[in-house]
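What follows is the content of structure_17.txt, which has compact mmCIF, C-alpha atoms:
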```txt
# COMPACT_ATOMS: atom_id res chain seq x y z
CA MET A 1 387.78 52.63 89.91
CA THR A 2 390.86 50.68 90.99
CA LEU A 3 391.94 53.82 92.79
CA ILE A 4 388.90 53.54 95.06
CA TYR A 5 389.89 49.99 96.03
CA PHE A 6 393.43 51.00 96.89
CA LYS A 7 392.25 54.06 98.76
CA ASN A 8 389.90 51.98 100.89
CA ILE A 9 392.42 49.21 101.56
CA GLY A 10 394.98 51.81 102.60
CA ARG A 11 392.42 53.45 104.87
CA PHE A 12 391.58 50.03 106.37
CA VAL A 13 395.20 49.28 107.29
CA PHE A 14 395.79 52.78 108.62
CA LEU A 15 392.70 52.82 110.81
CA VAL A 16 393.31 49.32 112.23
CA LEU A 17 396.88 50.23 113.19
CA LEU A 18 395.78 53.59 114.60
CA GLN A 19 393.16 51.82 116.69
CA VAL A 20 395.29 48.98 118.11
CA LEU A 21 398.54 50.86 118.55
CA ILE A 22 397.32 54.23 119.77
CA LEU A 23 393.62 54.57 120.55
CA ASN A 24 393.37 51.31 122.50
CA ASN A 25 396.14 52.54 124.79
CA LEU A 26 394.56 55.91 125.38
CA GLN A 27 394.06 56.53 129.07
CA LEU A 28 391.31 59.09 129.45
CA SER A 29 389.44 57.49 132.35
CA GLY A 30 387.75 54.14 132.63
CA TYR A 31 384.75 55.50 130.79
CA VAL A 32 386.12 56.71 127.47
CA ASN A 33 387.30 54.22 124.83
CA PRO A 34 387.04 55.72 121.37
CA TYR A 35 386.56 53.22 118.53
CA PHE A 36 387.50 55.46 115.64
CA TYR A 37 388.24 52.51 113.30
CA ILE A 38 384.56 52.29 112.28
CA TYR A 39 385.18 55.48 110.27
CA PHE A 40 386.22 53.02 107.53
CA LEU A 41 382.71 51.57 107.32
CA LEU A 42 381.14 55.03 107.38
CA LEU A 43 383.23 56.11 104.40
CA LEU A 44 382.62 53.18 102.03
CA PRO A 45 381.13 54.47 98.75
CA PHE A 46 377.34 54.63 98.38
CA GLU A 47 377.17 52.00 95.66
CA THR A 48 379.17 49.38 97.61
CA PRO A 49 377.27 46.09 97.22
CA ARG A 50 375.49 45.13 100.41
CA TRP A 51 377.24 41.76 100.73
CA LEU A 52 380.59 43.54 100.49
CA LEU A 53 379.51 45.91 103.26
CA LEU A 54 378.75 43.02 105.58
CA LEU A 55 381.95 41.20 104.68
CA ALA A 56 384.02 44.35 105.12
CA GLY A 57 382.43 44.86 108.52
CA PHE A 58 383.22 41.34 109.57
CA ILE A 59 386.84 41.46 108.40
CA LEU A 60 387.39 44.87 110.00
CA GLY A 61 385.96 43.69 113.32
CA ILE A 62 387.93 40.44 113.31
CA SER A 63 391.15 42.34 112.56
CA ILE A 64 390.65 44.52 115.63
CA ASP A 65 389.67 41.45 117.66
CA ALA A 66 392.87 39.67 116.69
CA PHE A 67 394.83 42.34 118.51
CA THR A 68 392.66 42.56 121.60
CA ASN A 69 391.99 38.81 121.84
CA THR A 70 388.24 39.32 121.98
CA PHE A 71 387.23 37.11 119.07
CA GLY A 72 383.85 38.09 117.66
CA LEU A 73 383.23 41.11 119.91
CA ASN A 74 384.15 43.88 117.47
CA ALA A 75 383.08 41.70 114.55
CA ALA A 76 379.53 41.37 115.88
CA ALA A 77 379.22 45.13 116.42
CA CYS A 78 380.69 45.94 112.99
CA VAL A 79 378.47 43.48 111.12
CA LEU A 80 375.44 45.06 112.77
CA LEU A 81 376.69 48.51 111.77
CA ALA A 82 377.22 47.37 108.16
CA PHE A 83 373.75 45.81 108.15
CA ILE A 84 371.91 48.93 109.23
CA ARG A 85 373.98 51.35 107.13
CA PRO A 86 371.86 51.05 103.94
CA PHE A 87 368.65 51.46 105.97
CA VAL A 88 369.99 54.54 107.72
CA ILE A 89 371.03 56.08 104.41
CA GLU A 90 367.59 55.33 102.99
CA ALA A 91 365.81 56.73 106.03
CA ILE A 92 367.62 60.05 106.22
CA SER A 93 368.19 60.68 102.52
CA THR A 94 366.52 63.59 100.81
CA GLY A 95 366.95 62.02 97.39
CA THR A 96 369.38 64.43 95.85
CA GLU A 97 372.66 63.84 97.53
CA PHE A 98 374.00 60.60 96.07
CA MET A 99 376.73 60.61 93.50
CA ILE A 100 378.21 57.51 91.91
CA GLY A 101 381.74 56.85 93.11
CA HIS A 102 381.38 59.07 96.14
CA SER A 103 381.62 58.31 99.80
CA PRO A 104 379.35 59.84 102.39
CA SER A 105 381.04 63.01 103.55
CA LEU A 106 380.44 66.27 105.32
CA ARG A 107 381.35 68.15 102.17
CA ASN A 108 378.97 66.42 99.75
CA GLN A 109 376.00 65.64 101.96
CA GLY A 110 376.02 68.61 104.28
CA VAL A 111 376.51 68.97 108.02
CA LYS A 112 373.00 67.95 109.04
CA TRP A 113 372.88 64.80 106.95
CA PHE A 114 376.32 63.65 107.95
CA THR A 115 375.72 64.38 111.63
CA TYR A 116 372.59 62.21 111.70
CA TYR A 117 374.35 59.50 109.74
CA ALA A 118 377.41 59.39 112.00
CA ILE A 119 375.53 59.68 115.30
CA ILE A 120 373.15 56.81 114.52
CA LEU A 121 375.83 54.42 113.28
CA VAL A 122 378.35 55.22 116.03
CA LEU A 123 375.74 54.85 118.76
CA VAL A 124 374.53 51.49 117.41
CA HIS A 125 378.08 50.20 117.17
CA HIS A 126 379.19 51.39 120.62
CA PHE A 127 376.00 50.24 122.30
CA THR A 128 376.38 46.71 120.88
CA LEU A 129 380.08 46.58 121.65
CA PHE A 130 379.95 47.71 125.26
CA PHE A 131 376.94 45.62 126.20
CA LEU A 132 378.34 42.49 124.55
CA GLU A 133 381.62 43.09 126.35
CA ILE A 134 380.06 43.35 129.79
CA PHE A 135 377.18 40.97 129.03
CA ARG A 136 375.15 41.64 132.13
CA PHE A 137 372.56 44.20 133.05
CA THR A 138 373.52 44.84 136.64
CA GLU A 139 375.79 47.69 135.61
CA PHE A 140 373.34 49.03 133.04
CA PHE A 141 373.65 52.75 133.69
CA GLN A 142 377.39 52.62 134.20
CA THR A 143 377.74 50.87 130.82
CA LEU A 144 375.32 53.33 129.22
CA LEU A 145 377.51 56.18 130.44
CA ARG A 146 380.52 54.48 128.87
CA VAL A 147 378.59 54.13 125.59
CA ILE A 148 377.61 57.80 125.52
CA LEU A 149 380.98 59.25 126.55
CA SER A 150 382.90 56.99 124.16
CA SER A 151 380.49 57.79 121.31
CA ILE A 152 381.00 61.50 121.85
CA PHE A 153 384.73 61.03 121.67
CA THR A 154 384.55 58.83 118.55
CA LEU A 155 382.25 61.35 116.86
CA LEU A 156 384.66 64.13 117.75
CA LEU A 157 387.48 62.24 116.02
CA ILE A 158 385.27 61.56 112.97
CA PHE A 159 384.35 65.23 112.61
CA ILE A 160 387.97 66.31 113.00
CA ALA A 161 388.94 63.85 110.26
CA GLU A 162 386.10 65.13 108.06
CA TYR A 163 387.15 68.73 108.48
CA LEU A 164 390.77 67.86 107.75
CA SER A 165 389.83 66.17 104.46
CA TYR A 166 387.45 69.05 103.72
CA ALA A 167 390.23 71.56 104.18
CA ARG A 168 392.58 69.52 102.03
CA GLU A 169 390.11 69.10 99.17
CA SER A 170 389.06 72.72 99.00
CA LYS A 171 392.64 73.90 98.60
CA MET B 172 363.07 24.34 95.28
CA HIS B 173 362.96 27.04 92.67
CA TYR B 174 361.02 29.28 95.01
CA LEU B 175 363.41 28.53 97.82
CA LEU B 176 366.35 29.64 95.70
CA TYR B 177 364.45 32.71 94.60
CA PHE B 178 363.58 33.47 98.19
CA LEU B 179 367.20 33.03 99.26
CA ARG B 180 368.47 35.23 96.44
CA LYS B 181 365.94 37.93 97.13
CA HIS B 182 366.76 38.12 100.82
CA TYR B 183 370.42 37.15 100.68
CA PHE B 184 371.37 40.33 102.50
CA TYR B 185 369.43 39.29 105.60
CA PHE B 186 370.75 35.74 105.52
CA LEU B 187 374.33 36.88 105.08
CA PHE B 188 373.84 39.29 107.97
CA LEU B 189 372.43 36.56 110.20
CA ALA B 190 375.20 34.15 109.20
CA LEU B 191 378.00 36.63 109.95
CA GLU B 192 376.38 37.84 113.17
CA ILE B 193 375.92 34.28 114.42
CA LEU B 194 379.48 33.44 113.43
CA SER B 195 380.71 36.44 115.43
CA LEU B 196 378.69 35.51 118.48
CA VAL B 197 379.81 31.88 118.31
CA LEU B 198 383.40 33.09 118.18
CA LEU B 199 382.74 35.47 121.04
CA PHE B 200 381.30 32.84 123.34
CA ASN B 201 383.56 29.95 122.39
CA PHE B 202 386.95 31.53 122.00
CA ASN B 203 386.78 33.80 124.95
CA ALA B 204 389.76 34.24 127.16
CA TYR B 205 388.76 31.39 129.42
CA GLN B 206 389.59 28.62 127.01
CA ASN B 207 392.93 27.73 125.58
CA SER B 208 391.85 28.68 122.13
CA ALA B 209 393.24 27.43 118.88
CA VAL B 210 392.41 30.74 117.26
CA SER B 211 394.44 32.77 119.72
CA ASP B 212 397.36 30.45 119.06
CA VAL B 213 397.28 31.24 115.35
CA SER B 214 396.69 34.95 115.72
CA SER B 215 399.04 35.61 118.62
CA GLY B 216 401.86 34.81 116.24
CA PHE B 217 401.13 37.86 114.13
CA SER B 218 399.43 40.27 116.52
CA GLY B 219 401.88 39.23 119.22
CA SER B 220 404.83 40.24 117.10
CA VAL B 221 403.26 43.61 116.25
CA MET B 222 402.60 44.20 119.97
CA ASN B 223 406.17 43.13 120.67
CA ILE B 224 407.55 45.82 118.38
CA SER B 225 405.22 48.40 119.86
CA SER B 226 406.23 47.54 123.43
CA ASN B 227 409.90 47.43 122.49
CA ILE B 228 409.58 51.04 121.51
CA SER B 229 407.42 52.17 124.40
CA GLN B 230 409.48 50.47 127.09
CA TYR B 231 412.29 52.98 126.56
CA PHE B 232 410.04 55.64 127.97
CA SER B 233 409.58 53.76 131.22
CA LEU B 234 413.21 52.79 131.81
CA ALA B 235 413.66 55.21 134.67
CA ARG B 236 410.68 53.87 136.54
CA VAL B 237 411.65 50.23 135.86
CA ASN B 238 415.08 51.02 137.29
CA ARG B 239 413.55 52.43 140.41
CA ILE B 240 411.35 49.35 140.89
CA LEU B 241 414.32 47.06 140.31
CA ALA B 242 416.35 48.99 142.85
CA GLU B 243 413.51 48.71 145.35
CA ASP B 244 413.18 45.00 144.73
CA ASN B 245 416.91 44.60 145.01
CA SER B 246 417.06 46.25 148.38
CA ARG B 247 414.12 44.19 149.57
CA LEU B 248 415.83 40.98 148.43
CA LEU B 249 419.16 42.01 149.93
CA SER B 250 417.46 42.41 153.27
CA HIS B 251 416.33 38.79 152.99
CA ARG B 252 419.79 37.37 152.40
CA PRO B 253 421.29 35.27 155.20
CA GLU B 254 423.98 37.92 155.70
CA ALA B 255 421.34 40.39 156.67
CA PHE B 256 420.16 38.27 159.58
CA TYR B 257 421.57 38.28 163.03
CA LYS B 258 422.61 34.66 163.45
CA ALA B 259 422.82 34.19 167.19
CA ASP B 260 420.68 31.10 167.03
CA THR B 261 422.01 28.90 164.27
CA GLU B 262 419.20 26.46 164.73
CA THR B 263 416.66 28.82 163.19
CA TYR B 264 418.85 29.27 160.18
CA TYR B 265 419.13 25.56 159.43
CA HIS B 266 415.53 25.04 160.40
CA LYS B 267 414.46 27.06 157.36
CA ASP B 268 416.91 25.29 155.13
CA THR B 269 416.05 21.69 155.77
CA LEU B 270 412.52 21.49 157.02
CA TYR B 271 410.83 23.92 154.64
CA LYS B 272 410.31 22.74 151.14
CA LEU B 273 410.22 25.26 148.30
CA GLU B 274 406.58 25.86 147.43
CA TYR B 275 406.61 28.71 144.97
CA LYS B 276 408.99 29.71 142.26
CA TYR B 277 408.74 32.75 139.99
CA ILE B 278 409.15 33.28 136.25
CA SER B 279 409.84 36.84 135.17
CA ALA B 280 408.09 38.02 132.01
CA LYS B 281 407.69 41.22 130.04
CA VAL B 282 404.28 42.80 129.55
CA ILE B 283 403.75 43.40 125.83
CA SER B 284 400.21 44.66 125.95
CA ASN B 285 398.16 45.99 128.79
CA SER B 286 395.03 48.03 129.34
CA THR B 287 393.32 49.69 132.28
CA ASN B 288 390.63 51.61 130.47
CA LYS B 289 388.20 48.80 129.58
CA ARG B 290 385.67 47.13 131.79
CA ASN B 291 387.53 43.84 131.21
CA ASN B 292 391.27 44.32 131.11
CA PHE B 293 393.88 41.82 130.04
CA LEU B 294 397.67 41.69 129.72
CA MET B 295 399.79 39.79 127.25
CA LEU B 296 403.15 38.44 128.45
CA ASN B 297 406.08 37.51 126.22
CA LYS B 298 406.43 33.98 127.63
CA GLY B 299 404.20 30.97 127.11
CA TRP B 300 404.13 27.26 127.82
CA SER B 301 407.58 26.79 126.29
CA LYS B 302 408.90 28.70 129.33
CA GLY B 303 406.77 26.78 131.82
CA ILE B 304 403.76 29.04 132.17
CA GLN B 305 400.44 27.26 132.61
CA ASN B 306 396.83 28.22 132.90
CA HIS B 307 395.52 29.54 136.26
CA MET B 308 398.92 30.67 137.47
CA GLY B 309 399.01 33.91 139.42
CA VAL B 310 400.85 36.98 138.16
CA ILE B 311 402.47 39.43 140.58
CA ILE B 312 404.85 42.37 140.60
CA GLY B 313 407.16 42.50 143.59
CA ASN B 314 404.86 41.73 146.50
CA ARG B 315 401.75 43.11 144.83
CA ILE B 316 399.24 41.17 142.77
CA VAL B 317 398.45 41.70 139.09
CA GLY B 318 396.16 38.95 137.83
CA GLN B 319 395.82 35.39 136.68
CA VAL B 320 396.89 33.53 133.52
CA VAL B 321 393.80 32.51 131.54
CA SER B 322 395.24 31.35 128.24
CA VAL B 323 398.68 30.20 127.09
CA SER B 324 400.23 29.72 123.66
CA GLU B 325 403.76 28.64 122.87
CA HIS B 326 405.42 32.02 123.28
CA PHE B 327 402.78 34.23 124.82
CA SER B 328 400.35 34.14 127.66
CA TRP B 329 397.13 36.03 128.22
CA VAL B 330 396.50 37.31 131.70
CA MET B 331 393.20 38.41 133.19
CA SER B 332 394.02 41.54 135.12
CA LEU B 333 392.51 42.17 138.55
CA LEU B 334 390.69 44.95 136.66
CA ASN B 335 388.12 42.58 135.19
CA LYS B 336 384.50 41.85 135.90
CA ASP B 337 385.29 38.15 136.35
CA SER B 338 388.19 38.56 138.68
CA ARG B 339 387.55 37.92 142.35
CA ILE B 340 390.45 37.73 144.75
CA SER B 341 390.28 36.07 148.11
CA GLY B 342 391.90 38.46 150.56
CA LYS B 343 392.11 39.11 154.26
CA PHE B 344 392.76 41.87 156.73
CA LYS B 345 396.39 41.88 157.69
CA LYS B 346 395.58 42.92 161.25
CA ASN B 347 393.18 40.12 162.16
CA ASP B 348 393.09 37.61 159.28
CA GLN B 349 389.38 38.14 158.57
CA LEU B 350 388.56 36.83 155.08
CA VAL B 351 387.05 39.14 152.46
CA ASN B 352 386.61 39.28 148.68
CA VAL B 353 388.16 41.92 146.47
CA GLU B 354 386.55 42.90 143.18
CA TRP B 355 386.72 45.73 140.67
CA SER B 356 383.54 47.43 139.53
CA GLY B 357 384.95 49.43 136.65
CA GLY B 358 385.82 53.08 136.27
CA ASN B 359 388.86 54.20 138.22
CA TYR B 360 391.70 51.70 137.87
CA ARG B 361 393.25 52.68 141.20
CA LYS B 362 390.18 51.84 143.28
CA GLY B 363 388.67 48.44 144.09
CA ASP B 364 385.82 47.10 146.20
CA VAL B 365 386.07 44.90 149.24
CA ARG B 366 382.97 42.80 149.67
CA GLU B 367 381.65 40.61 152.43
CA ILE B 368 383.38 42.10 155.44
CA PRO B 369 381.73 40.52 158.48
CA LYS B 370 379.79 42.95 160.70
CA HIS B 371 381.96 42.47 163.75
CA VAL B 372 385.21 43.43 162.04
CA LEU B 373 386.29 46.93 162.95
CA ILE B 374 387.31 48.76 159.76
CA ARG B 375 389.75 51.64 159.82
CA LYS B 376 391.05 53.79 157.02
CA GLY B 377 394.47 52.56 155.95
CA ASP B 378 393.85 48.92 156.89
CA LEU B 379 395.96 46.71 154.67
CA ILE B 380 394.27 43.93 152.69
CA ILE B 381 396.56 41.05 151.69
CA THR B 382 396.03 37.80 149.81
CA SER B 383 394.69 34.98 151.91
CA GLY B 384 396.49 32.13 150.15
CA ASN B 385 393.19 30.21 150.06
CA SER B 386 392.77 30.31 146.33
CA ASP B 387 395.72 28.19 145.10
CA ILE B 388 396.65 31.05 142.79
CA PHE B 389 398.55 33.52 144.94
CA PRO B 390 400.84 32.81 147.87
CA GLU B 391 399.69 34.22 151.17
CA GLY B 392 400.54 37.75 152.23
CA LEU B 393 400.84 39.67 148.95
CA GLU B 394 399.59 43.24 149.14
CA ILE B 395 396.28 44.02 147.46
CA GLY B 396 395.58 47.52 148.76
CA ARG B 397 394.68 49.84 151.61
CA ILE B 398 391.19 50.83 152.65
CA THR B 399 390.31 54.43 151.77
CA SER B 400 386.63 54.51 152.70
CA TYR B 401 383.93 52.17 153.95
CA THR B 402 380.19 51.95 154.42
CA ILE B 403 378.37 50.32 157.28
CA ALA B 404 375.33 48.54 155.87
CA GLN B 405 372.27 48.82 158.08
CA ASP B 406 370.20 45.83 157.05
CA GLU B 407 372.73 43.45 155.58
CA ASN B 408 375.09 41.01 157.22
CA PHE B 409 378.19 42.36 155.58
CA ASN B 410 379.86 45.73 155.29
CA SER B 411 381.78 46.87 152.25
CA ALA B 412 384.73 49.14 151.65
CA THR B 413 386.77 50.79 148.91
CA ILE B 414 390.50 50.19 148.65
CA GLU B 415 393.27 51.82 146.74
CA PHE B 416 395.23 49.10 144.94
CA SER B 417 398.89 48.81 145.86
CA THR B 418 399.60 47.88 142.24
CA ASP B 419 399.72 50.65 139.66
CA PHE B 420 398.17 48.69 136.78
CA ASN B 421 398.93 51.40 134.28
CA SER B 422 402.70 51.12 134.64
CA LEU B 423 403.45 47.42 134.46
CA SER B 424 406.42 46.43 132.34
CA TYR B 425 408.02 43.41 134.02
CA VAL B 426 405.99 41.01 136.12
CA GLU B 427 406.52 37.62 137.75
CA VAL B 428 404.41 34.53 137.17
CA VAL B 429 403.90 32.41 140.29
CA VAL B 430 404.54 28.70 139.86
CA ASP B 431 403.02 26.68 142.68
CA LEU B 432 405.28 23.63 142.90
CA MET B 433 402.79 21.78 145.07
CA ARG B 434 399.77 22.54 142.99
CA GLN B 435 399.52 19.02 141.58
CA GLU B 436 399.58 17.53 145.03
CA LYS B 437 396.86 19.91 146.22
CA GLU B 438 394.64 19.11 143.25
CA MET B 439 395.17 15.37 143.64
CA LEU B 440 394.17 15.65 147.25
CA LYS B 441 390.99 17.50 146.35
CA ASN B 442 390.15 15.10 143.52
CA SER B 443 390.70 12.03 145.63
CA PHE B 444 388.26 13.45 148.17
CA LYS B 445 385.71 14.13 145.46
CA SER B 446 385.97 10.62 144.03
CA ASN B 447 385.67 9.09 147.50
CA THR B 448 382.52 10.87 148.52
CA PRO B 449 379.41 9.22 147.07
CA ASN B 450 376.88 11.53 145.49
```
Target encoding structure tokens, full file:
Amino acid sequence: MTLIYFKNIGRFVFLVLLQVLILNNLQLSGYVNPYFYIYFLLLLPFETPRWLLLLAGFILGISIDAFTNTFGLNAAACVLLAFIRPFVIEAISTGTEFMIGHSPSLRNQGVKWFTYYAIILVLVHHFTLFFLEIFRFTEFFQTLLRVILSSIFTLLLIFIAEYLSYARESK
Amino acid sequence: MHYLLYFLRKHYFYFLFLALEILSLVLLFNFNAYQNSAVSDVSSGFSGSVMNISSNISQYFSLARVNRILAEDNSRLLSHRPEAFYKADTETYYHKDTLYKLEYKYISAKVISNSTNKRNNFLMLNKGWSKGIQNHMGVIIGNRIVGQVVSVSEHFSWVMSLLNKDSRISGKFKKNDQLVNVEWSGGNYRKGDVREIPKHVLIRKGDLIITSGNSDIFPEGLEIGRITSYTIAQDENFNSATIEFSTDFNSLSYVEVVVDLMRQEKEMLKNSFKSNTPN
């Protein structure tokens, strides 16, 4: 059980550093900003208490904000993501896939389940983040394009990471 | 009371969510880059030092380009030295020396974080108020503009890049001094928008837009960019155009902060007018 804590804390630190040192500096065009760090929230174990989910979301968001000097921006989006996560799991579950001590993953829950799960959460997070950042509706479609393109890129990174861990575990 | 507690316990998840979400939004709207925030002071200590390490490493990769820019600047400055002038008329030479008072001085600073891929882009510089940087000072590179200081801590300052939805630069045509506004509407970081060009101004491709000096932030005559395309509006009073910025925002490593030595005097003048007019 302690192993799970260490694993998640390690993942937290790694993803925050990856985000602020590499992904935030990625220059793909003004429209693509992947926010891969939310992978941490996606991977928290199923039985994580709900209050811990929210708190983890807040701390993760604030950590990213501390580096980009946008206090509350990522935190607001992450708290929303953490809030809807249990509802999303409930809504798309088929009842058989949960195992105590396990995290949601491509391997255990299947491609279809995980795809729904990731797409919904990533879209909600990116939508909140980009619209809070711009905070006006005059550039609505431009911002929407940013949301969609960035989400696609984030999802791509998530699936690559899933396949890498899948390959490692099945060895 | 008992029911209240029961109610709270039963729905704690929703209340915790609301509390954290409201806290985030309060942070977002209060500690934004426009205020000198206490929070950024505390955090810039840690995140600033991480960024410092990261930029210390990455600056090695841009040494060649920095050298080239320095060489260019050097040659430009050399051409301004008294030795470079033909001094037939000594009067002009002394004229500049005694009658003109120094209005701007420049503080050089290193960029330790920078972005061009967001809708709102900011830079962090490695100098703060301990080195004389204050809020609202302009930031330039050579004779091209970069942005404006929006927040200062002891050792770092936070600069709103021209690539920001809130940045609006007062510029003018170099050829005929017509005033315009320059903004950035997102997307490509090389291209900006020129707004409010009066109908009667003839626009040509390649027209140079420079700073007007009206804004108290930038000295007059710094390059903003050249016009690449324009549209003639049929039923509005103003035309608009697209420019290519002279500054390459993606390759900034050393910049200069503009200190307006007469700023206080200008502000006092404005304030004294405001306090004199009754309304």
Please find the residues of chain A near chain B - the criterion being any atom within 7 Å, counting all atoms listed in the file - and write them as an mmCIF file with C-alpha atoms, keeping the file's coordinate frame.
```cif
data_model
loop_
_atom_site.group_PDB
_atom_site.id
_atom_site.type_symbol
_atom_site.label_atom_id
_atom_site.label_comp_id
_atom_site.auth_asym_id
_atom_site.auth_seq_id
_atom_site.Cartn_x
_atom_site.Cartn_y
_atom_site.Cartn_z
ATOM 1 C CA ASN A 25 396.140 52.540 124.790
ATOM 2 C CA GLN A 27 394.060 56.530 129.070
ATOM 3 C CA SER A 29 389.440 57.490 132.350
ATOM 4 C CA GLY A 30 387.750 54.140 132.630
ATOM 5 C CA TYR A 31 384.750 55.500 130.790
ATOM 6 C CA ARG A 50 375.490 45.130 100.410
ATOM 7 C CA TRP A 51 377.240 41.760 100.730
ATOM 8 C CA LEU A 54 378.750 43.020 105.580
ATOM 9 C CA ALA A 66 392.870 39.670 116.690
ATOM 10 C CA PHE A 67 394.830 42.340 118.510
ATOM 11 C CA ASN A 69 391.990 38.810 121.840
ATOM 12 C CA THR A 70 388.240 39.320 121.980
ATOM 13 C CA PHE A 71 387.230 37.110 119.070
ATOM 14 C CA GLY A 72 383.850 38.090 117.660
ATOM 15 C CA LEU A 73 383.230 41.110 119.910
ATOM 16 C CA ALA A 75 383.080 41.700 114.550
ATOM 17 C CA ALA A 76 379.530 41.370 115.880
ATOM 18 C CA VAL A 79 378.470 43.480 111.120
ATOM 19 C CA PHE A 83 373.750 45.810 108.150
#
```
Mind giving me the straight-line distance from CA of Phe36 in chain A to CA of Phe58 in chain A in Å, one decimal?
16.0 Å
Enter the distance from CA of Ile22 in chain A to CA of Ile304 in chain B, in Å, rounded to one decimal.
28.8 Å
Please return the centre and edge lengths, in Å to one decimal, of a box with edges along x, y and z that contains all listed atoms of range 30-45 of chain A, widened by 5 Å on every side, as lines of an AutoDock Vina configuration file.
```
center_x = 384.7
center_y = 54.1
center_z = 115.7
size_x = 17.1
size_y = 15.1
size_z = 43.9
```
How many Å lie between CA of Gln142 in chain A and CA of Val32 in chain A, rounded to one decimal?
11.8 Å
Tell me which protein, DNA and RNA residues are within 12 Å of Asn227 in chain B, counting all atoms listed in the file, leaving out same-chain ones fewer than 4 positions away, and put them as a tab-separated table (two decimals) with C-alpha atoms, in the frame of the given file.
```tsv
chain	number	residue	atom	x	y	z
B	219	GLY	CA	401.88	39.23	119.22
B	220	SER	CA	404.83	40.24	117.10
B	221	VAL	CA	403.26	43.61	116.25
B	222	MET	CA	402.60	44.20	119.97
B	223	ASN	CA	406.17	43.13	120.67
B	231	TYR	CA	412.29	52.98	126.56
B	232	PHE	CA	410.04	55.64	127.97
B	233	SER	CA	409.58	53.76	131.22
B	234	LEU	CA	413.21	52.79	131.81
B	281	LYS	CA	407.69	41.22	130.04
B	282	VAL	CA	404.28	42.80	129.55
B	283	ILE	CA	403.75	43.40	125.83
B	284	SER	CA	400.21	44.66	125.95
B	297	ASN	CA	406.08	37.51	126.22
B	424	SER	CA	406.42	46.43	132.34
```
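Residue nearest Ser105 in chain A, chosen from A:Ile59, A:Leu3, A:Ala118, A:Leu81 and counting all atoms listed in the file: A:Ala118.
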Just checking: using only C-alpha atoms, which residue out of A:Glu139, A:Glu169, A:Asp65, A:Glu133 ends up closest to Asn108 in chain A?
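Closest candidate: A:Glu169.
Considering all atoms listed in the file, the residue among A:Thr48, A:Ser150, A:Asn74, A:Asn33 positioned nearest to Gly61 in chain A is A:Asn74.
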Counting only C-alpha atoms, note down every residue that has an atom within 9 Å of the point (392.3, 49.2, 145.7) (file coordinates), as a CSV table (one decimal) with C-alpha atoms, keeping the file's coordinate frame.
```csv
chain,number,residue,atom,x,y,z
B,353,VAL,CA,388.2,41.9,146.5
B,354,GLU,CA,386.6,42.9,143.2
B,355,TRP,CA,386.7,45.7,140.7
B,360,TYR,CA,391.7,51.7,137.9
B,361,ARG,CA,393.2,52.7,141.2
B,362,LYS,CA,390.2,51.8,143.3
B,363,GLY,CA,388.7,48.4,144.1
B,364,ASP,CA,385.8,47.1,146.2
B,365,VAL,CA,386.1,44.9,149.2
B,380,ILE,CA,394.3,43.9,152.7
B,395,ILE,CA,396.3,44.0,147.5
B,396,GLY,CA,395.6,47.5,148.8
B,397,ARG,CA,394.7,49.8,151.6
B,398,ILE,CA,391.2,50.8,152.6
B,399,THR,CA,390.3,54.4,151.8
B,413,THR,CA,386.8,50.8,148.9
B,414,ILE,CA,390.5,50.2,148.6
B,415,GLU,CA,393.3,51.8,146.7
B,416,PHE,CA,395.2,49.1,144.9
B,417,SER,CA,398.9,48.8,145.9
B,418,THR,CA,399.6,47.9,142.2
```
Compile the contact shell of Leu15 in chain A as number ranges by chain: residues with an atom at most 9 Å away, counting all atoms listed in the file, same-chain residues fewer than 2 positions apart removed.
A: 10-13, 17-20, 36-40
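Near range 165-168 of chain A, within 12 Å and counting only C-alpha atoms, sit Ser105, Leu106, Arg107, Asn108, Gly110, Val111, Ile158, Phe159, Ile160, Ala161, Glu162, Tyr163, Ser170 and Lys171 of chain A, not including residues fewer than 2 positions from it in the same chain.
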Same residues, C-alpha atoms, saved as a compact mmCIF listing (two decimals), keeping the file's coordinate frame:
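And here is the file that came out, again.txt:
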```txt
# COMPACT_ATOMS: atom_id res chain seq x y z
CA SER A 105 381.04 63.01 103.55
CA LEU A 106 380.44 66.27 105.32
CA ARG A 107 381.35 68.15 102.17
CA ASN A 108 378.97 66.42 99.75
CA GLY A 110 376.02 68.61 104.28
CA VAL A 111 376.51 68.97 108.02
CA ILE A 158 385.27 61.56 112.97
CA PHE A 159 384.35 65.23 112.61
CA ILE A 160 387.97 66.31 113.00
CA ALA A 161 388.94 63.85 110.26
CA GLU A 162 386.10 65.13 108.06
CA TYR A 163 387.15 68.73 108.48
CA SER A 170 389.06 72.72 99.00
CA LYS A 171 392.64 73.90 98.60
```
